[in-house]
Amino acid sequence: MKFRIEQRQSHFQNSLAGACSVLLALCAAQVSVAQQSTLEKPAAAVTTVAAKASVTQAVAQENEAGDSSTRRKPGDEGIKVHGHWTIDVKNPDGTLAQHHEFENSFQPGGSIAIIQLITGLAVPGDMGIGVTSPTGQTPPCGPSSQSICLMVRSLKDEPGTSFCVSLAVCSVNLTSATSFAALPYTLTYSGSFQASEAGSITGVQSFLGSCVQSPAGLETISPSTCTLGNLSNTQSGTSYAIFSGTTINAVAVTAGQIVQVSVAFTFS
């Protein structure tokens, strides 16, 4: 009897040991699977981030390609007129008292004049440049109804014809110079006047004179005949337009000082 009991116990122990072995094997397998899954997750995450980065880069490249197709190239910005002004105020002995530089603004009248010249509805007269004082104040060059000190090349054609009668005090010493050596090409006008009294300069203007004719009379007026004395009211009429101008910080001038003004126009 004792032998049978011990035999049964041994058999039970062997069975229990086998079951434990099976359980341990299953647990080990589950741990292995869990570890493998855990190790694989970062790789999947890295792959996902890389894929997102690739997609983002592709979208950015596509957007950049789209932008470049609509982006304007140099020279496609339209026609612009630039005016760089310089005002030097000198003492009677020639020493420099003040130096000012600034940019101007293209005026609507300048646009109209250019269209008229291109279409032949007007032929060119001349250009004049001036400095202005506040309305109602006497400019440094002396009293004028428009408070303008104007520099022109001639009193026979616009703008010298109309302005210099009563609207402005004029100096007939305007000069012009062109430069075609390199882009941008430049057209520069320069003039000067001596202040007859103290005053202030608060703006600048350039004037473009022309002779306007009707479409029926195209090609009947030449620039050489665009002067007040050569034209009758039935043929045409002289005109002027404010080509460019701007307001500036006040420049104080005393009597006897010389004011030198220049503007360099560039077209781009």
# chains A, B, ... in the order shown; residues from 1 in each chain; ligands from 1
>>> residues_around(residues="Ser262 in chain A", least_positions_apart="3", cutoff="7 Å", atoms="only C-alpha atoms", output="list in words")
Trp85, Thr86, Ile87, Thr188, Tyr189, Ser190 and Gly191 of chain A
>>> write_last_selection(atoms="N, CA and C atoms", output="PDB file, in the first residue's frame")
ATOM      1  N   TRP A  85      15.831 114.471 -55.624  1.00  0.00           N
ATOM      2  CA  TRP A  85      16.055 115.910 -55.524  1.00  0.00           C
ATOM      3  C   TRP A  85      17.221 116.222 -54.589  1.00  0.00           C
ATOM      4  N   THR A  86      17.900 117.302 -54.908  1.00  0.00           N
ATOM      5  CA  THR A  86      18.964 117.829 -54.050  1.00  0.00           C
ATOM      6  C   THR A  86      18.788 119.340 -53.932  1.00  0.00           C
ATOM      7  N   ILE A  87      18.838 119.840 -52.713  1.00  0.00           N
ATOM      8  CA  ILE A  87      18.804 121.288 -52.464  1.00  0.00           C
ATOM      9  C   ILE A  87      20.033 121.660 -51.647  1.00  0.00           C
ATOM     10  N   THR A 188      18.721 114.773 -65.778  1.00  0.00           N
ATOM     11  CA  THR A 188      18.914 115.653 -64.628  1.00  0.00           C
ATOM     12  C   THR A 188      18.698 117.112 -65.019  1.00  0.00           C
ATOM     13  N   TYR A 189      17.894 117.807 -64.234  1.00  0.00           N
ATOM     14  CA  TYR A 189      17.672 119.246 -64.396  1.00  0.00           C
ATOM     15  C   TYR A 189      18.258 119.967 -63.181  1.00  0.00           C
ATOM     16  N   SER A 190      18.919 121.098 -63.443  1.00  0.00           N
ATOM     17  CA  SER A 190      19.543 121.866 -62.365  1.00  0.00           C
ATOM     18  C   SER A 190      19.319 123.354 -62.596  1.00  0.00           C
ATOM     19  N   GLY A 191      19.124 124.074 -61.510  1.00  0.00           N
ATOM     20  CA  GLY A 191      18.941 125.518 -61.582  1.00  0.00           C
ATOM     21  C   GLY A 191      19.222 126.140 -60.227  1.00  0.00           C
TER      22      GLY A 191
END
>>> select_by_dssp(residues="range 92-158 of chain A", states="strand (DSSP E)", output="PDB file with N, CA and C atoms, in the first residue's frame")
ATOM      1  N   LEU A  96      28.937 126.178 -48.083  1.00  0.00           N
ATOM      2  CA  LEU A  96      27.690 125.409 -47.989  1.00  0.00           C
ATOM      3  C   LEU A  96      27.062 125.578 -46.609  1.00  0.00           C
ATOM      4  N   ALA A  97      25.822 126.029 -46.587  1.00  0.00           N
ATOM      5  CA  ALA A  97      25.098 126.200 -45.324  1.00  0.00           C
ATOM      6  C   ALA A  97      24.205 125.003 -45.028  1.00  0.00           C
ATOM      7  N   GLN A  98      23.550 124.449 -46.060  1.00  0.00           N
ATOM      8  CA  GLN A  98      22.642 123.316 -45.873  1.00  0.00           C
ATOM      9  C   GLN A  98      22.695 122.403 -47.096  1.00  0.00           C
ATOM     10  N   HIS A  99      22.479 121.123 -46.846  1.00  0.00           N
ATOM     11  CA  HIS A  99      22.404 120.136 -47.933  1.00  0.00           C
ATOM     12  C   HIS A  99      21.237 119.195 -47.624  1.00  0.00           C
ATOM     13  N   HIS A 100      20.339 119.036 -48.592  1.00  0.00           N
ATOM     14  CA  HIS A 100      19.161 118.191 -48.402  1.00  0.00           C
ATOM     15  C   HIS A 100      18.963 117.294 -49.629  1.00  0.00           C
ATOM     16  N   GLU A 101      18.598 116.039 -49.388  1.00  0.00           N
ATOM     17  CA  GLU A 101      18.285 115.099 -50.458  1.00  0.00           C
ATOM     18  C   GLU A 101      16.993 114.360 -50.111  1.00  0.00           C
ATOM     19  N   PHE A 102      16.157 114.102 -51.125  1.00  0.00           N
ATOM     20  CA  PHE A 102      14.890 113.419 -50.881  1.00  0.00           C
ATOM     21  C   PHE A 102      14.321 112.942 -52.211  1.00  0.00           C
ATOM     22  N   GLU A 103      13.307 112.110 -52.135  1.00  0.00           N
ATOM     23  CA  GLU A 103      12.652 111.567 -53.323  1.00  0.00           C
ATOM     24  C   GLU A 103      11.310 112.281 -53.542  1.00  0.00           C
ATOM     25  N   SER A 105       7.299 112.433 -55.661  1.00  0.00           N
ATOM     26  CA  SER A 105       6.158 111.598 -56.017  1.00  0.00           C
ATOM     27  C   SER A 105       5.681 111.972 -57.418  1.00  0.00           C
ATOM     28  N   PHE A 106       5.400 110.956 -58.226  1.00  0.00           N
ATOM     29  CA  PHE A 106       4.867 111.189 -59.563  1.00  0.00           C
ATOM     30  C   PHE A 106       3.431 111.674 -59.426  1.00  0.00           C
ATOM     31  N   ALA A 122      -0.217 115.892 -78.030  1.00  0.00           N
ATOM     32  CA  ALA A 122       0.568 117.036 -77.564  1.00  0.00           C
ATOM     33  C   ALA A 122       2.002 116.849 -78.041  1.00  0.00           C
ATOM     34  N   VAL A 123       2.692 117.954 -78.214  1.00  0.00           N
ATOM     35  CA  VAL A 123       4.122 117.923 -78.519  1.00  0.00           C
ATOM     36  C   VAL A 123       4.833 118.617 -77.363  1.00  0.00           C
ATOM     37  N   PRO A 124       6.079 118.211 -77.094  1.00  0.00           N
ATOM     38  CA  PRO A 124       6.740 118.720 -75.890  1.00  0.00           C
ATOM     39  C   PRO A 124       7.112 120.180 -75.990  1.00  0.00           C
ATOM     40  N   GLY A 125       6.978 120.872 -74.879  1.00  0.00           N
ATOM     41  CA  GLY A 125       7.480 122.231 -74.732  1.00  0.00           C
ATOM     42  C   GLY A 125       8.806 122.167 -74.020  1.00  0.00           C
ATOM     43  N   ASP A 126       8.792 122.403 -72.709  1.00  0.00           N
ATOM     44  CA  ASP A 126      10.030 122.354 -71.939  1.00  0.00           C
ATOM     45  C   ASP A 126       9.700 121.929 -70.512  1.00  0.00           C
ATOM     46  N   MET A 127      10.736 121.795 -69.726  1.00  0.00           N
ATOM     47  CA  MET A 127      10.583 121.409 -68.326  1.00  0.00           C
ATOM     48  C   MET A 127      11.012 122.571 -67.448  1.00  0.00           C
ATOM     49  N   GLY A 128      10.394 122.670 -66.294  1.00  0.00           N
ATOM     50  CA  GLY A 128      10.790 123.649 -65.299  1.00  0.00           C
ATOM     51  C   GLY A 128      10.769 123.004 -63.926  1.00  0.00           C
ATOM     52  N   ILE A 129      11.639 123.415 -63.044  1.00  0.00           N
ATOM     53  CA  ILE A 129      11.647 122.888 -61.677  1.00  0.00           C
ATOM     54  C   ILE A 129      11.543 124.056 -60.715  1.00  0.00           C
ATOM     55  N   GLY A 130      10.888 123.841 -59.592  1.00  0.00           N
ATOM     56  CA  GLY A 130      10.690 124.930 -58.658  1.00  0.00           C
ATOM     57  C   GLY A 130      10.607 124.475 -57.224  1.00  0.00           C
ATOM     58  N   VAL A 131      10.753 125.421 -56.339  1.00  0.00           N
ATOM     59  CA  VAL A 131      10.561 125.185 -54.909  1.00  0.00           C
ATOM     60  C   VAL A 131       9.378 126.030 -54.465  1.00  0.00           C
ATOM     61  N   THR A 132       8.635 125.532 -53.508  1.00  0.00           N
ATOM     62  CA  THR A 132       7.414 126.199 -53.065  1.00  0.00           C
ATOM     63  C   THR A 132       7.471 126.533 -51.583  1.00  0.00           C
ATOM     64  N   ILE A 148       5.871 130.316 -55.633  1.00  0.00           N
ATOM     65  CA  ILE A 148       6.793 129.400 -56.297  1.00  0.00           C
ATOM     66  C   ILE A 148       8.008 130.168 -56.803  1.00  0.00           C
ATOM     67  N   CYS A 149       9.185 129.583 -56.585  1.00  0.00           N
ATOM     68  CA  CYS A 149      10.417 130.051 -57.210  1.00  0.00           C
ATOM     69  C   CYS A 149      10.734 129.047 -58.312  1.00  0.00           C
ATOM     70  N   LEU A 150      10.586 129.462 -59.565  1.00  0.00           N
ATOM     71  CA  LEU A 150      10.682 128.544 -60.701  1.00  0.00           C
ATOM     72  C   LEU A 150      11.969 128.786 -61.485  1.00  0.00           C
ATOM     73  N   MET A 151      12.583 127.705 -61.928  1.00  0.00           N
ATOM     74  CA  MET A 151      13.787 127.759 -62.768  1.00  0.00           C
ATOM     75  C   MET A 151      13.451 127.165 -64.124  1.00  0.00           C
TER      76      MET A 151
END
>>> decode(residues="range 61-184 of chain A", atoms="C-alpha atoms", output="JSON list (two decimals), in the first residue's frame")
[["chain", "number", "residue", "atom", "x", "y", "z"],
["A", 61, "GLN", "CA", 7.97, 72.19, -53.03],
["A", 62, "GLU", "CA", 4.67, 72.21, -54.89],
["A", 63, "ASN", "CA", 3.65, 75.51, -53.30],
["A", 64, "GLU", "CA", 7.04, 77.01, -54.10],
["A", 65, "ALA", "CA", 6.73, 75.88, -57.70],
["A", 66, "GLY", "CA", 3.28, 77.44, -57.86],
["A", 67, "ASP", "CA", 4.53, 80.67, -56.35],
["A", 68, "SER", "CA", 7.47, 80.86, -58.74],
["A", 69, "SER", "CA", 5.15, 80.53, -61.71],
["A", 70, "THR", "CA", 3.21, 83.61, -60.60],
["A", 71, "ARG", "CA", 6.11, 85.53, -59.08],
["A", 72, "ARG", "CA", 7.05, 88.59, -61.11],
["A", 73, "LYS", "CA", 10.46, 88.62, -62.70],
["A", 74, "PRO", "CA", 12.81, 91.62, -62.54],
["A", 75, "GLY", "CA", 11.58, 94.20, -65.01],
["A", 76, "ASP", "CA", 7.94, 93.08, -64.77],
["A", 77, "GLU", "CA", 7.00, 95.52, -62.00],
["A", 78, "GLY", "CA", 5.64, 98.14, -64.39],
["A", 79, "ILE", "CA", 7.01, 101.51, -65.48],
["A", 80, "LYS", "CA", 8.09, 103.74, -62.62],
["A", 81, "VAL", "CA", 9.35, 107.32, -62.60],
["A", 82, "HIS", "CA", 11.82, 108.18, -59.86],
["A", 83, "GLY", "CA", 12.94, 111.67, -58.98],
["A", 84, "HIS", "CA", 15.88, 112.29, -56.67],
["A", 85, "TRP", "CA", 16.06, 115.91, -55.52],
["A", 86, "THR", "CA", 18.96, 117.83, -54.05],
["A", 87, "ILE", "CA", 18.80, 121.29, -52.46],
["A", 88, "ASP", "CA", 21.99, 123.08, -51.48],
["A", 89, "VAL", "CA", 21.76, 126.41, -49.67],
["A", 90, "LYS", "CA", 25.00, 128.38, -49.94],
["A", 91, "ASN", "CA", 26.12, 131.56, -48.26],
["A", 92, "PRO", "CA", 27.07, 134.61, -50.38],
["A", 93, "ASP", "CA", 30.76, 133.65, -50.04],
["A", 94, "GLY", "CA", 30.05, 130.23, -51.58],
["A", 95, "THR", "CA", 30.30, 128.14, -48.43],
["A", 96, "LEU", "CA", 27.69, 125.41, -47.99],
["A", 97, "ALA", "CA", 25.10, 126.20, -45.32],
["A", 98, "GLN", "CA", 22.64, 123.32, -45.87],
["A", 99, "HIS", "CA", 22.40, 120.14, -47.93],
["A", 100, "HIS", "CA", 19.16, 118.19, -48.40],
["A", 101, "GLU", "CA", 18.28, 115.10, -50.46],
["A", 102, "PHE", "CA", 14.89, 113.42, -50.88],
["A", 103, "GLU", "CA", 12.65, 111.57, -53.32],
["A", 104, "ASN", "CA", 9.58, 112.96, -55.09],
["A", 105, "SER", "CA", 6.16, 111.60, -56.02],
["A", 106, "PHE", "CA", 4.87, 111.19, -59.56],
["A", 107, "GLN", "CA", 1.76, 113.35, -60.05],
["A", 108, "PRO", "CA", -1.46, 112.59, -62.03],
["A", 109, "GLY", "CA", -0.75, 115.51, -64.33],
["A", 110, "GLY", "CA", 2.49, 113.80, -65.34],
["A", 111, "SER", "CA", 0.58, 110.68, -66.37],
["A", 112, "ILE", "CA", -1.78, 112.72, -68.54],
["A", 113, "ALA", "CA", 1.10, 114.58, -70.19],
["A", 114, "ILE", "CA", 2.96, 111.36, -71.02],
["A", 115, "ILE", "CA", -0.16, 109.83, -72.59],
["A", 116, "GLN", "CA", -0.73, 112.96, -74.65],
["A", 117, "LEU", "CA", 2.86, 112.98, -75.87],
["A", 118, "ILE", "CA", 2.85, 109.29, -76.79],
["A", 119, "THR", "CA", -0.42, 109.52, -78.70],
["A", 120, "GLY", "CA", 0.54, 112.74, -80.49],
["A", 121, "LEU", "CA", -2.19, 114.79, -78.86],
["A", 122, "ALA", "CA", 0.57, 117.04, -77.56],
["A", 123, "VAL", "CA", 4.12, 117.92, -78.52],
["A", 124, "PRO", "CA", 6.74, 118.72, -75.89],
["A", 125, "GLY", "CA", 7.48, 122.23, -74.73],
["A", 126, "ASP", "CA", 10.03, 122.35, -71.94],
["A", 127, "MET", "CA", 10.58, 121.41, -68.33],
["A", 128, "GLY", "CA", 10.79, 123.65, -65.30],
["A", 129, "ILE", "CA", 11.65, 122.89, -61.68],
["A", 130, "GLY", "CA", 10.69, 124.93, -58.66],
["A", 131, "VAL", "CA", 10.56, 125.19, -54.91],
["A", 132, "THR", "CA", 7.41, 126.20, -53.06],
["A", 133, "SER", "CA", 6.53, 127.92, -49.84],
["A", 134, "PRO", "CA", 3.33, 127.59, -47.82],
["A", 135, "THR", "CA", 0.33, 129.20, -49.54],
["A", 136, "GLY", "CA", 0.10, 132.85, -48.66],
["A", 137, "GLN", "CA", 3.72, 133.11, -47.55],
["A", 138, "THR", "CA", 6.36, 134.96, -49.52],
["A", 139, "PRO", "CA", 9.00, 132.54, -50.88],
["A", 140, "PRO", "CA", 12.72, 133.41, -50.62],
["A", 141, "CYS", "CA", 12.77, 134.58, -54.27],
["A", 142, "GLY", "CA", 10.09, 137.21, -53.70],
["A", 143, "PRO", "CA", 6.30, 137.64, -53.80],
["A", 144, "SER", "CA", 4.26, 135.54, -56.27],
["A", 145, "SER", "CA", 0.65, 134.47, -56.40],
["A", 146, "GLN", "CA", 1.53, 130.75, -56.29],
["A", 147, "SER", "CA", 4.44, 131.09, -53.83],
["A", 148, "ILE", "CA", 6.79, 129.40, -56.30],
["A", 149, "CYS", "CA", 10.42, 130.05, -57.21],
["A", 150, "LEU", "CA", 10.68, 128.54, -60.70],
["A", 151, "MET", "CA", 13.79, 127.76, -62.77],
["A", 152, "VAL", "CA", 13.29, 127.53, -66.55],
["A", 153, "ARG", "CA", 15.38, 127.56, -69.71],
["A", 154, "SER", "CA", 13.24, 130.00, -71.67],
["A", 155, "LEU", "CA", 10.38, 132.45, -71.23],
["A", 156, "LYS", "CA", 9.05, 131.74, -74.72],
["A", 157, "ASP", "CA", 7.60, 128.28, -74.11],
["A", 158, "GLU", "CA", 5.82, 126.47, -71.33],
["A", 159, "PRO", "CA", 6.11, 126.38, -68.43],
["A", 160, "GLY", "CA", 8.07, 129.63, -68.54],
["A", 161, "THR", "CA", 5.43, 131.42, -70.62],
["A", 162, "SER", "CA", 2.55, 131.28, -68.14],
["A", 163, "PHE", "CA", 4.25, 130.92, -64.81],
["A", 164, "CYS", "CA", 6.74, 133.70, -65.16],
["A", 165, "VAL", "CA", 4.12, 136.33, -66.00],
["A", 166, "SER", "CA", 2.51, 136.45, -62.56],
["A", 167, "LEU", "CA", 2.38, 133.00, -60.96],
["A", 168, "ALA", "CA", 6.03, 132.60, -59.98],
["A", 169, "VAL", "CA", 9.35, 134.38, -59.74],
["A", 170, "CYS", "CA", 11.54, 132.81, -62.41],
["A", 171, "SER", "CA", 15.24, 132.31, -62.95],
["A", 172, "VAL", "CA", 16.20, 131.60, -66.55],
["A", 173, "ASN", "CA", 19.23, 129.42, -65.85],
["A", 174, "LEU", "CA", 17.87, 125.86, -65.95],
["A", 175, "THR", "CA", 20.21, 123.27, -67.50],
["A", 176, "SER", "CA", 19.67, 119.63, -68.39],
["A", 177, "ALA", "CA", 21.96, 116.63, -68.71],
["A", 178, "THR", "CA", 21.40, 113.02, -69.77],
["A", 179, "SER", "CA", 23.30, 109.85, -68.99],
["A", 180, "PHE", "CA", 23.02, 106.69, -71.08],
["A", 181, "ALA", "CA", 26.20, 105.03, -69.83],
["A", 182, "ALA", "CA", 24.39, 102.41, -67.73],
["A", 183, "LEU", "CA", 20.95, 101.54, -66.50],
["A", 184, "PRO", "CA", 18.96, 103.22, -65.16]]
